[in-house]
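S.K.: Next comes the structure file coords_39.cif, holding mmCIF, C-alpha atoms.
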```
data_final
#
loop_
_atom_site.group_PDB
_atom_site.id
_atom_site.type_symbol
_atom_site.label_atom_id
_atom_site.label_comp_id
_atom_site.auth_asym_id
_atom_site.auth_seq_id
_atom_site.Cartn_x
_atom_site.Cartn_y
_atom_site.Cartn_z
ATOM 1 C CA MET A 5 88.780 106.128 64.719
ATOM 2 C CA LYS A 6 88.610 102.341 64.783
ATOM 3 C CA SER A 7 86.814 100.573 67.598
ATOM 4 C CA ASN A 8 88.622 98.616 70.314
ATOM 5 C CA LEU A 9 85.835 96.045 70.192
ATOM 6 C CA LEU A 10 85.297 92.937 68.091
ATOM 7 C CA SER A 11 81.971 91.158 67.793
ATOM 8 C CA ILE A 12 81.636 87.550 68.887
ATOM 9 C CA SER A 13 81.330 86.399 65.279
ATOM 10 C CA GLU A 14 84.493 88.302 64.315
ATOM 11 C CA CYS A 15 86.352 86.726 67.228
ATOM 12 C CA ILE A 16 85.235 83.226 66.244
ATOM 13 C CA GLN A 17 86.401 83.890 62.695
ATOM 14 C CA ARG A 18 89.766 85.165 63.981
ATOM 15 C CA HIS A 19 90.124 82.028 66.117
ATOM 16 C CA GLN A 20 89.463 79.790 63.141
ATOM 17 C CA SER A 21 92.312 81.503 61.290
ATOM 18 C CA SER A 22 94.567 81.984 64.339
ATOM 19 C CA SER A 23 97.413 80.063 62.683
ATOM 20 C CA SER A 24 97.634 82.615 59.884
ATOM 21 C CA SER A 25 100.288 85.305 59.729
ATOM 22 C CA PRO A 26 100.408 87.460 61.757
ATOM 23 C CA PRO A 27 99.060 85.086 64.411
ATOM 24 C CA THR A 28 96.163 85.777 66.768
ATOM 25 C CA VAL A 29 96.441 84.964 70.480
ATOM 26 C CA PHE A 30 93.449 84.908 72.853
ATOM 27 C CA LEU A 31 93.900 85.927 76.491
ATOM 28 C CA ASP A 32 91.463 85.397 79.349
ATOM 29 C CA GLY A 33 91.829 88.511 81.521
ATOM 30 C CA SER A 34 89.132 87.675 84.056
ATOM 31 C CA TRP A 35 89.337 89.056 87.597
ATOM 32 C CA HIS A 36 86.712 89.224 90.331
ATOM 33 C CA LEU A 37 86.568 91.451 93.394
ATOM 34 C CA SER A 38 84.382 88.934 95.220
ATOM 35 C CA PRO A 39 86.321 86.097 96.916
ATOM 36 C CA SER A 40 83.514 83.740 95.921
ATOM 37 C CA ARG A 41 85.008 83.455 92.425
ATOM 38 C CA ASN A 42 88.570 82.605 91.462
ATOM 39 C CA ALA A 43 89.263 83.547 87.847
ATOM 40 C CA ARG A 44 92.512 81.589 87.646
ATOM 41 C CA GLN A 45 90.880 78.393 88.876
ATOM 42 C CA GLU A 46 87.977 78.869 86.463
ATOM 43 C CA TYR A 47 90.405 79.228 83.574
ATOM 44 C CA GLU A 48 92.455 76.204 84.623
ATOM 45 C CA SER A 49 89.427 73.922 84.944
ATOM 46 C CA GLY A 50 87.597 75.275 81.910
ATOM 47 C CA PRO A 51 85.710 76.099 79.881
ATOM 48 C CA ARG A 52 88.134 78.356 78.015
ATOM 49 C CA ILE A 53 88.802 79.266 74.424
ATOM 50 C CA PRO A 54 91.187 76.663 72.948
ATOM 51 C CA GLY A 55 94.771 77.867 73.001
ATOM 52 C CA ALA A 56 94.018 80.869 75.208
ATOM 53 C CA HIS A 57 96.381 81.979 77.980
ATOM 54 C CA PHE A 58 95.445 83.520 81.327
ATOM 55 C CA PHE A 59 96.481 87.123 82.061
ATOM 56 C CA ASP A 60 96.257 87.808 85.800
ATOM 57 C CA ILE A 61 96.157 91.558 86.525
ATOM 58 C CA ASP A 62 97.174 90.919 90.141
ATOM 59 C CA ASN A 63 100.126 88.764 89.093
ATOM 60 C CA VAL A 64 101.411 90.660 86.071
ATOM 61 C CA ALA A 65 101.812 93.806 88.149
ATOM 62 C CA THR A 66 104.240 95.879 90.170
ATOM 63 C CA GLN A 67 104.736 94.012 93.412
ATOM 64 C CA GLY A 68 107.203 93.923 96.294
ATOM 65 C CA THR A 69 107.987 96.344 99.091
ATOM 66 C CA ASN A 70 110.562 98.325 97.087
ATOM 67 C CA ASP A 71 108.393 99.176 94.077
ATOM 68 C CA ASN A 72 104.939 99.047 95.673
ATOM 69 C CA LYS A 73 105.453 100.138 99.252
ATOM 70 C CA THR A 74 101.758 100.475 100.057
ATOM 71 C CA LYS A 75 100.926 97.095 98.495
ATOM 72 C CA LEU A 76 98.336 98.456 96.096
ATOM 73 C CA PRO A 77 96.605 95.787 93.977
ATOM 74 C CA HIS A 78 97.163 95.237 90.230
ATOM 75 C CA MET A 79 99.407 98.227 89.596
ATOM 76 C CA MET A 80 100.838 98.544 86.075
ATOM 77 C CA PRO A 81 103.779 96.138 85.626
ATOM 78 C CA PRO A 82 107.394 97.118 84.986
ATOM 79 C CA LYS A 83 108.157 97.036 81.269
ATOM 80 C CA GLU A 84 110.689 94.207 81.765
ATOM 81 C CA LEU A 85 108.039 92.030 83.395
ATOM 82 C CA PHE A 86 105.455 92.771 80.724
ATOM 83 C CA ALA A 87 107.946 91.905 77.978
ATOM 84 C CA HIS A 88 108.866 88.613 79.635
ATOM 85 C CA VAL A 89 105.215 87.639 80.063
ATOM 86 C CA MET A 90 104.669 88.347 76.371
ATOM 87 C CA ASP A 91 107.592 86.019 75.635
ATOM 88 C CA GLU A 92 105.963 83.314 77.747
ATOM 89 C CA PHE A 93 102.707 83.714 75.799
ATOM 90 C CA GLY A 94 104.495 83.682 72.441
ATOM 91 C CA ILE A 95 103.342 87.219 71.724
ATOM 92 C CA THR A 96 105.393 89.630 69.621
ATOM 93 C CA SER A 97 104.589 93.195 68.639
ATOM 94 C CA ASN A 98 103.087 91.797 65.407
ATOM 95 C CA THR A 99 100.730 89.435 67.214
ATOM 96 C CA ASN A 100 97.025 90.193 67.157
ATOM 97 C CA VAL A 101 95.746 89.864 70.720
ATOM 98 C CA ILE A 102 92.071 89.346 71.566
ATOM 99 C CA LEU A 103 91.023 89.763 75.200
ATOM 100 C CA TYR A 104 87.982 88.110 76.709
ATOM 101 C CA GLY A 105 86.479 87.359 80.109
ATOM 102 C CA THR A 106 84.008 85.106 81.846
ATOM 103 C CA GLU A 107 80.438 86.076 82.657
ATOM 104 C CA GLY A 108 80.191 88.753 85.339
ATOM 105 C CA CYS A 109 83.760 90.041 85.215
ATOM 106 C CA PHE A 110 84.524 93.706 84.580
ATOM 107 C CA SER A 111 88.307 93.555 84.231
ATOM 108 C CA ILE A 112 88.841 93.193 80.485
ATOM 109 C CA PRO A 113 89.067 96.949 79.765
ATOM 110 C CA ARG A 114 91.828 97.046 82.387
ATOM 111 C CA VAL A 115 93.791 94.405 80.480
ATOM 112 C CA LEU A 116 93.165 96.291 77.242
ATOM 113 C CA TYR A 117 94.396 99.506 78.830
ATOM 114 C CA THR A 118 97.461 97.687 80.171
ATOM 115 C CA PHE A 119 98.445 96.419 76.736
ATOM 116 C CA LYS A 120 98.097 99.858 75.204
ATOM 117 C CA ALA A 121 99.857 101.590 78.111
ATOM 118 C CA MET A 122 102.777 99.138 77.940
ATOM 119 C CA GLY A 123 103.337 99.783 74.236
ATOM 120 C CA HIS A 124 101.596 97.000 72.327
ATOM 121 C CA PRO A 125 100.506 98.450 68.947
ATOM 122 C CA ILE A 126 96.938 99.667 69.422
ATOM 123 C CA GLU A 127 95.805 98.176 66.132
ATOM 124 C CA ASN A 128 96.938 94.741 67.323
ATOM 125 C CA VAL A 129 94.918 94.423 70.523
ATOM 126 C CA LYS A 130 91.130 94.154 70.723
ATOM 127 C CA MET A 131 88.482 93.302 73.307
ATOM 128 C CA MET A 132 85.765 90.748 72.608
ATOM 129 C CA ASN A 133 82.390 92.489 72.824
ATOM 130 C CA GLY A 134 80.733 89.941 75.065
ATOM 131 C CA SER A 135 81.631 87.212 77.518
ATOM 132 C CA LEU A 136 82.843 83.630 77.231
ATOM 133 C CA LYS A 137 79.211 82.580 77.713
ATOM 134 C CA ASP A 138 78.232 84.634 74.654
ATOM 135 C CA TRP A 139 81.054 82.964 72.735
ATOM 136 C CA MET A 140 79.716 79.535 73.702
ATOM 137 C CA ASP A 141 76.112 80.518 72.930
ATOM 138 C CA ALA A 142 77.271 81.554 69.443
ATOM 139 C CA GLY A 143 78.871 78.160 68.855
ATOM 140 C CA GLY A 144 82.431 79.185 69.587
ATOM 141 C CA PRO A 145 84.703 76.242 70.503
ATOM 142 C CA VAL A 146 85.833 75.687 74.081
ATOM 143 C CA GLU A 147 88.040 73.216 75.872
ATOM 144 C CA TRP A 148 87.656 71.658 79.318
ATOM 145 C CA GLY A 149 90.022 69.949 81.695
ATOM 146 C CA TRP A 150 92.910 71.214 83.747
ATOM 147 C CA LYS A 151 95.463 73.484 82.097
ATOM 148 C CA GLU A 152 98.216 75.222 84.052
ATOM 149 C CA SER A 153 98.171 78.999 83.897
ATOM 150 C CA MET A 154 101.304 81.102 83.954
ATOM 151 C CA LYS A 155 102.353 82.657 87.242
ATOM 152 C CA VAL A 156 105.048 85.279 87.499
ATOM 153 C CA ASP A 157 106.273 83.523 90.658
ATOM 154 C CA ASN A 158 107.222 80.543 88.527
ATOM 155 C CA HIS A 159 108.612 82.535 85.596
ATOM 156 C CA LEU A 160 110.769 85.253 87.102
ATOM 157 C CA VAL A 161 112.139 87.952 84.876
ATOM 158 C CA PRO A 162 115.630 86.783 83.970
ATOM 159 C CA GLY A 163 118.557 89.044 84.648
ATOM 160 C CA GLY A 164 121.985 89.280 83.127
ATOM 161 C CA ASP A 165 122.197 89.511 79.366
ATOM 162 C CA TYR A 166 118.710 88.199 78.655
ATOM 163 C CA VAL A 167 117.076 90.100 75.809
ATOM 164 C CA SER A 168 113.326 89.757 75.449
ATOM 165 C CA ARG A 169 111.935 88.830 72.068
ATOM 166 C CA TYR A 170 109.140 91.315 72.755
ATOM 167 C CA ASP A 171 110.657 94.655 71.764
ATOM 168 C CA LYS A 172 107.824 97.159 72.205
ATOM 169 C CA ALA A 173 107.485 97.326 76.005
ATOM 170 C CA VAL A 174 107.707 100.820 77.513
ATOM 171 C CA ASP A 175 107.155 102.355 80.912
ATOM 172 C CA ALA A 176 103.389 102.594 81.361
ATOM 173 C CA ARG A 177 101.903 105.509 79.432
ATOM 174 C CA ASN A 178 98.762 107.506 80.197
ATOM 175 C CA VAL A 179 98.863 106.485 83.832
ATOM 176 C CA VAL A 180 99.123 108.976 86.701
ATOM 177 C CA ASN A 181 100.103 108.626 90.343
ATOM 178 C CA MET A 182 98.867 110.289 93.509
ATOM 179 C CA ASP A 183 101.262 113.239 93.162
ATOM 180 C CA LYS A 184 99.472 114.271 89.967
ATOM 181 C CA ILE A 185 96.089 114.133 91.696
ATOM 182 C CA VAL A 186 97.361 116.150 94.667
ATOM 183 C CA GLU A 187 98.647 118.784 92.229
ATOM 184 C CA LEU A 188 95.344 118.873 90.375
ATOM 185 C CA VAL A 189 93.308 119.191 93.579
ATOM 186 C CA GLN A 190 95.599 121.949 94.836
ATOM 187 C CA ASN A 191 95.323 123.874 91.556
ATOM 188 C CA THR A 192 91.544 123.635 91.685
ATOM 189 C CA LYS A 193 91.481 124.722 95.325
ATOM 190 C CA ASN A 194 93.661 127.750 94.609
ATOM 191 C CA GLY A 195 91.774 128.672 91.473
ATOM 192 C CA THR A 196 94.979 128.478 89.455
ATOM 193 C CA GLY A 197 93.916 125.776 87.027
ATOM 194 C CA THR A 198 94.533 126.519 83.341
ATOM 195 C CA ASP A 199 93.142 125.082 80.113
ATOM 196 C CA THR A 200 95.403 122.086 80.651
ATOM 197 C CA THR A 201 93.933 121.325 84.071
ATOM 198 C CA GLY A 202 92.668 117.759 84.297
ATOM 199 C CA VAL A 203 89.151 116.523 84.921
ATOM 200 C CA ILE A 204 88.716 113.609 87.308
ATOM 201 C CA VAL A 205 85.950 111.112 86.510
ATOM 202 C CA ASP A 206 85.100 108.530 89.190
ATOM 203 C CA ALA A 207 83.597 105.228 87.998
ATOM 204 C CA ARG A 208 82.308 104.064 91.393
ATOM 205 C CA SER A 209 78.632 103.916 92.344
ATOM 206 C CA LYS A 210 76.924 107.121 93.467
ATOM 207 C CA GLY A 211 76.555 105.722 96.983
ATOM 208 C CA ARG A 212 80.278 105.152 97.318
ATOM 209 C CA PHE A 213 81.050 108.465 95.626
ATOM 210 C CA VAL A 214 79.026 110.484 98.153
ATOM 211 C CA GLY A 215 80.192 108.353 101.074
ATOM 212 C CA LYS A 216 76.875 106.724 101.974
ATOM 213 C CA GLU A 217 77.759 103.187 100.886
ATOM 214 C CA PRO A 218 80.673 101.344 102.530
ATOM 215 C CA GLU A 219 83.767 100.616 100.500
ATOM 216 C CA PRO A 220 84.400 96.937 99.655
ATOM 217 C CA ARG A 221 87.755 97.195 101.408
ATOM 218 C CA LYS A 222 87.217 97.209 105.168
ATOM 219 C CA GLY A 223 88.139 100.393 106.968
ATOM 220 C CA LEU A 224 88.615 102.514 103.849
ATOM 221 C CA ARG A 225 87.146 106.023 103.981
ATOM 222 C CA GLY A 226 84.155 106.822 101.797
ATOM 223 C CA GLY A 227 83.553 109.860 99.636
ATOM 224 C CA HIS A 228 85.454 111.234 96.653
ATOM 225 C CA ILE A 229 88.390 113.308 95.487
ATOM 226 C CA PRO A 230 87.572 117.042 95.585
ATOM 227 C CA GLY A 231 86.354 118.265 92.210
ATOM 228 C CA ALA A 232 85.707 114.799 90.789
ATOM 229 C CA PHE A 233 82.693 113.988 88.616
ATOM 230 C CA ASN A 234 80.758 110.772 89.060
ATOM 231 C CA VAL A 235 79.953 108.506 86.110
ATOM 232 C CA PRO A 236 79.233 105.020 87.498
ATOM 233 C CA PHE A 237 80.710 102.701 84.893
ATOM 234 C CA ASP A 238 77.663 100.427 84.758
ATOM 235 C CA ARG A 239 75.522 103.321 83.497
ATOM 236 C CA LEU A 240 77.576 103.157 80.309
ATOM 237 C CA LEU A 241 76.609 99.507 79.810
ATOM 238 C CA LYS A 242 73.546 98.051 78.178
ATOM 239 C CA ASP A 243 71.089 96.056 80.252
ATOM 240 C CA ASP A 244 73.256 92.975 79.718
ATOM 241 C CA LYS A 245 75.903 94.701 81.912
ATOM 242 C CA LYS A 246 78.759 93.635 79.643
ATOM 243 C CA THR A 247 78.597 95.695 76.442
ATOM 244 C CA LEU A 248 78.759 99.459 75.960
ATOM 245 C CA ARG A 249 75.791 101.588 74.982
ATOM 246 C CA SER A 250 75.715 103.543 71.725
ATOM 247 C CA LYS A 251 78.019 106.513 71.238
ATOM 248 C CA GLU A 252 75.088 108.928 71.446
ATOM 249 C CA GLU A 253 73.846 107.438 74.701
ATOM 250 C CA MET A 254 77.294 107.513 76.300
ATOM 251 C CA VAL A 255 77.994 111.110 75.259
ATOM 252 C CA SER A 256 74.671 112.070 76.853
ATOM 253 C CA ILE A 257 75.463 110.173 80.056
ATOM 254 C CA PHE A 258 78.831 111.913 80.368
ATOM 255 C CA SER A 259 77.264 115.295 79.592
ATOM 256 C CA ASN A 260 74.531 114.856 82.206
ATOM 257 C CA ALA A 261 77.260 114.133 84.748
ATOM 258 C CA GLY A 262 79.076 117.359 83.822
ATOM 259 C CA VAL A 263 81.776 115.764 81.676
ATOM 260 C CA ASP A 264 82.561 117.002 78.179
ATOM 261 C CA VAL A 265 83.822 113.992 76.245
ATOM 262 C CA TYR A 266 85.666 116.201 73.782
ATOM 263 C CA THR A 267 87.281 118.633 76.226
ATOM 264 C CA GLU A 268 90.884 119.560 75.476
ATOM 265 C CA LYS A 269 91.637 119.119 79.156
ATOM 266 C CA ASP A 270 93.109 115.821 80.305
ATOM 267 C CA ILE A 271 90.527 113.418 81.670
ATOM 268 C CA ILE A 272 91.770 111.258 84.533
ATOM 269 C CA CYS A 273 89.728 108.136 85.209
ATOM 270 C CA SER A 274 89.525 106.763 88.722
ATOM 271 C CA CYS A 275 87.562 104.077 90.586
ATOM 272 C CA GLY A 276 88.187 101.791 93.554
ATOM 273 C CA SER A 277 91.497 100.272 92.470
ATOM 274 C CA GLY A 278 92.034 101.151 88.805
ATOM 275 C CA VAL A 279 89.921 98.425 87.178
ATOM 276 C CA THR A 280 86.516 99.885 86.295
ATOM 277 C CA ALA A 281 88.177 103.260 85.630
ATOM 278 C CA CYS A 282 89.296 101.604 82.398
ATOM 279 C CA TRP A 283 85.645 101.250 81.348
ATOM 280 C CA ILE A 284 85.479 105.056 81.487
ATOM 281 C CA ALA A 285 88.634 105.326 79.370
ATOM 282 C CA LEU A 286 87.266 102.786 76.881
ATOM 283 C CA ALA A 287 83.892 104.519 76.644
ATOM 284 C CA LEU A 288 85.532 107.899 76.061
ATOM 285 C CA GLU A 289 87.602 106.482 73.212
ATOM 286 C CA GLU A 290 84.608 104.714 71.687
ATOM 287 C CA CYS A 291 82.851 108.090 71.734
ATOM 288 C CA GLY A 292 85.655 109.464 69.579
ATOM 289 C CA ARG A 293 87.857 111.126 72.190
ATOM 290 C CA ASP A 294 91.601 111.235 71.494
ATOM 291 C CA PRO A 295 92.980 108.546 73.867
ATOM 292 C CA SER A 296 96.269 110.432 74.276
ATOM 293 C CA ARG A 297 94.389 112.939 76.468
ATOM 294 C CA THR A 298 92.862 110.278 78.719
ATOM 295 C CA PHE A 299 94.647 108.845 81.763
ATOM 296 C CA VAL A 300 94.001 106.320 84.526
ATOM 297 C CA TYR A 301 94.844 107.003 88.164
ATOM 298 C CA ASP A 302 96.480 103.669 88.870
ATOM 299 C CA GLY A 303 96.137 103.676 92.661
ATOM 300 C CA SER A 304 92.631 105.185 92.487
ATOM 301 C CA TRP A 305 90.440 105.476 95.576
ATOM 302 C CA ILE A 306 92.175 102.807 97.626
ATOM 303 C CA GLU A 307 95.400 104.825 97.462
ATOM 304 C CA TRP A 308 93.827 108.259 97.848
ATOM 305 C CA ALA A 309 91.566 107.403 100.798
ATOM 306 C CA SER A 310 94.241 105.376 102.593
ATOM 307 C CA ASP A 311 96.427 108.461 102.972
ATOM 308 C CA GLU A 312 94.987 110.587 105.778
ATOM 309 C CA ARG A 313 96.689 113.672 104.366
ATOM 310 C CA ASN A 314 94.383 113.632 101.354
ATOM 311 C CA PRO A 315 91.101 115.538 101.512
ATOM 312 C CA VAL A 316 87.864 113.628 101.019
ATOM 313 C CA VAL A 317 84.468 115.057 100.092
ATOM 314 C CA LYS A 318 81.229 113.535 101.356
ATOM 315 C CA GLU A 319 77.742 114.650 100.439
ATOM 316 C CA ASP A 320 74.503 114.641 102.408
#
```
Go ahead and express the file in the form of structure tokens.

M.R.:
Amino acid sequence: MKSNLLSISECIQRHQSSSSSPPTVFLDGSWHLSPSRNARQEYESGPRIPGAHFFDIDNVATQGTNDNKTKLPHMMPPKELFAHVMDEFGITSNTNVILYGTEGCFSIPRVLYTFKAMGHPIENVKMMNGSLKDWMDAGGPVEWGWKESMKVDNHLVPGGDYVSRYDKAVDARNVVNMDKIVELVQNTKNGTGTDTTGVIVDARSKGRFVGKEPEPRKGLRGGHIPGAFNVPFDRLLKDDKKTLRSKEEMVSIFSNAGVDVYTEKDIICSCGSGVTACWIALALEECGRDPSRTFVYDGSWIEWASDERNPVVKED
């Protein structure tokens, strides 16, 4: 199984030959939970990789009261929106896409998962194994100065007879909603789970998982989904907090948390809002797990805990 990751040197080489056929397009997928950093503004002012576009997971998402009644953040986009954004970026299904982020952001696996879930050929999308700072430290070129980033508000999906040039977009795959989690919890509670029963893996910190640390979102209940296992995503990262550990180390970390990487059961990855859950999905695939049996709970904890009907487990 080929890796989803490209080294910094490989990415620089790809950038130098980005005009070749098929073309390579770089996307900055940075996102920050803290309001002290604005990823869009950082991209627009620079530094950024020359020619790169900005992919905003909050903007290229399902929005509006009809499709996202509870106003959950960065939910997977409708296929029509994803296809139109690809058109705006000049991306076709043959385009090689390389995703990168700024120092301290943990959102790039989410963008990677989005591309794969929305139908972009898996062999044509990769994640840079390191940050923009690492790129610069390795001598990779950057550009400065203001550059407008695309906003869906300014580029609405056209109606009528418009046909997107991007022809691979599908309804998001390997993504589950709250109904699936309710079913799984109920099956576990009743003891009726079968070999196809899913395993929930929560990427949040142990403190948040057991309900002792407050959630970043004010007023949200703490704790975890009944039956979930806890694998804080940052335990899967090296000391640099931006690149994954070795396969052997990650398999051991999952095992110590009670998770069999190679189980035939579905593994459902969850976190606070569906971002760092994608680190779990990425790590599982890098360990050799079949990605078709791995899913992300899109609404994650913010959706589950916001609904008072859902049970929550806290630990002493």

S.K.: Any idea what's packed within 10 Å of range 30-40 of chain A, counting only C-alpha atoms, ignoring anything in its chain fewer than 6 positions away? Could you give it as a ChimeraX atom specification?

M.R.: /A:15,18-19,22,46-47,52-62,93,100-116,129-132,135-136,220-221,279

S.K.: Calculate how many Å separate CA of Gly276 in chain A from CA of Lys222 in chain A, rounding to one decimal.

M.R.: 12.5 Å

S.K.: Residues at most 10 Å from range 265-272 of chain A, counting only C-alpha atoms, excluding those fewer than 5 positions away in the same chain, as number ranges by chain?

M.R.: A: 178-180, 184-185, 198-206, 232, 254-259, 281, 284-285, 287-289, 291-302

S.K.: Those residues with C-alpha atoms, as a compact mmCIF listing (two decimals), in the frame of the given file please?

M.R.:
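result.txt was written with the following content:
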```
# COMPACT_ATOMS: atom_id res chain seq x y z
CA ASN A 178 98.76 107.51 80.20
CA VAL A 179 98.86 106.48 83.83
CA VAL A 180 99.12 108.98 86.70
CA LYS A 184 99.47 114.27 89.97
CA ILE A 185 96.09 114.13 91.70
CA THR A 198 94.53 126.52 83.34
CA ASP A 199 93.14 125.08 80.11
CA THR A 200 95.40 122.09 80.65
CA THR A 201 93.93 121.32 84.07
CA GLY A 202 92.67 117.76 84.30
CA VAL A 203 89.15 116.52 84.92
CA ILE A 204 88.72 113.61 87.31
CA VAL A 205 85.95 111.11 86.51
CA ASP A 206 85.10 108.53 89.19
CA ALA A 232 85.71 114.80 90.79
CA MET A 254 77.29 107.51 76.30
CA VAL A 255 77.99 111.11 75.26
CA SER A 256 74.67 112.07 76.85
CA ILE A 257 75.46 110.17 80.06
CA PHE A 258 78.83 111.91 80.37
CA SER A 259 77.26 115.30 79.59
CA ALA A 281 88.18 103.26 85.63
CA ILE A 284 85.48 105.06 81.49
CA ALA A 285 88.63 105.33 79.37
CA ALA A 287 83.89 104.52 76.64
CA LEU A 288 85.53 107.90 76.06
CA GLU A 289 87.60 106.48 73.21
CA CYS A 291 82.85 108.09 71.73
CA GLY A 292 85.66 109.46 69.58
CA ARG A 293 87.86 111.13 72.19
CA ASP A 294 91.60 111.24 71.49
CA PRO A 295 92.98 108.55 73.87
CA SER A 296 96.27 110.43 74.28
CA ARG A 297 94.39 112.94 76.47
CA THR A 298 92.86 110.28 78.72
CA PHE A 299 94.65 108.84 81.76
CA VAL A 300 94.00 106.32 84.53
CA TYR A 301 94.84 107.00 88.16
CA ASP A 302 96.48 103.67 88.87
```

S.K.: For each of A:Glu253, A:Ala43, A:Gly227, A:Arg208, take the minimum atom-to-atom distance to Lys318 in chain A, counting all atoms listed in the file, then give the residue where this is smallest.

M.R.: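 Ranked by minimum distance to Lys318 in chain A, first place goes to A:Gly227.
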
S.K.: How many Å separate CA of Arg313 in chain A from CA of Thr280 in chain A?

M.R.: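 These two atoms are separated by 24.9 Å.
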
S.K.: Just give me the gap between CA of Pro236 in chain A and CA of Ser310 in chain A in Å, one decimal is fine.

M.R.: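 It comes out at 21.3 Å.
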
S.K.: Using all atoms listed in the file, which of A:Pro51, A:Pro27, A:Gly226, A:Pro82 sits nearest Trp305 in chain A?

M.R.: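 Closest to Trp305 in chain A, using all atoms listed in the file: A:Gly226.
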